[in-house]
Amino acid sequence: MNDDLADKIKSLIAEHFGIEPDKLTPETEIASFGIDSLSMIEFMFQMEEKFNIRMVDSRAPLVTVADVVAEIERAVRDQQPTQAA
């Protein structure tokens, strides 16, 4: 896990949904803040634009903050051009 990217994603979640960043831990359930699946989908679309990525419809449930971070990190990692050694 890229800690800088994870921190940035958590910060974006907090900003987008108006949540105190201190209240977001990896185990925090998104629904505990009243965030429904449609709101989460809209957020993920914004992340596609922000990180210039395309989210794959993995059907993985985005239940916790860690799930959201992992899904975005996976898309960023998979879509970055490989660098020659």
# chains A, B, ... in the order shown; residues from 1 in each chain; ligands from 1

call {"tool": "residues_around", "arguments": {"residues": "region 49-62 of chain A", "least_positions_apart": "6", "cutoff": "10 Å", "atoms": "only C-alpha atoms", "output": "PyMOL selection string"}}
result
chain A and resi 29-31+37+40-41+68-80

call {"tool": "select_by_dssp", "arguments": {"residues": "region 6-35 of chain A", "states": "helix (DSSP H, G or I)", "output": "list in words"}}
result
Ala6, Asp7, Lys8, Ile9, Lys10, Ser11, Leu12, Ile13, Ala14, Glu15, His16, Phe17, Pro21, Asp22, Lys23, Ile30, Ala31, Ser32 and Phe33 of chain A

call {"tool": "residues_around", "arguments": {"residues": "region 11-17 of chain A", "least_positions_apart": "5", "cutoff": "8 Å", "atoms": "only C-alpha atoms", "output": "JSON, numbers by chain"}}
result
{"A": [24, 35, 43]}

call {"tool": "write_last_selection", "arguments": {"atoms": "C-alpha atoms", "output": "PDB file, in the first residue's frame"}}
result
ATOM      1  CA  LEU A  24     -11.671   7.949   9.005  1.00  0.00           C
ATOM      2  CA  ILE A  35     -23.132   7.535   2.588  1.00  0.00           C
ATOM      3  CA  PHE A  43     -17.283   9.784  -5.622  1.00  0.00           C
TER       4      PHE A  43
END

call {"tool": "atom_distance", "arguments": {"atom1": "CA of Glu48 (chain A)", "atom2": "CA of Lys10 (chain A)"}}
result
15.1 Å

call {"tool": "atom_distance", "arguments": {"atom1": "CA of Gly34 (chain A)", "atom2": "CA of Asp3 (chain A)"}}
result
26.1 Å

call {"tool": "closest_residue", "arguments": {"among": "A:Glu42, A:Glu20, A:Asp36, A:Asp7", "to": "Ala66 (chain A)", "atoms": "only C-alpha atoms"}}
result
A:Asp7
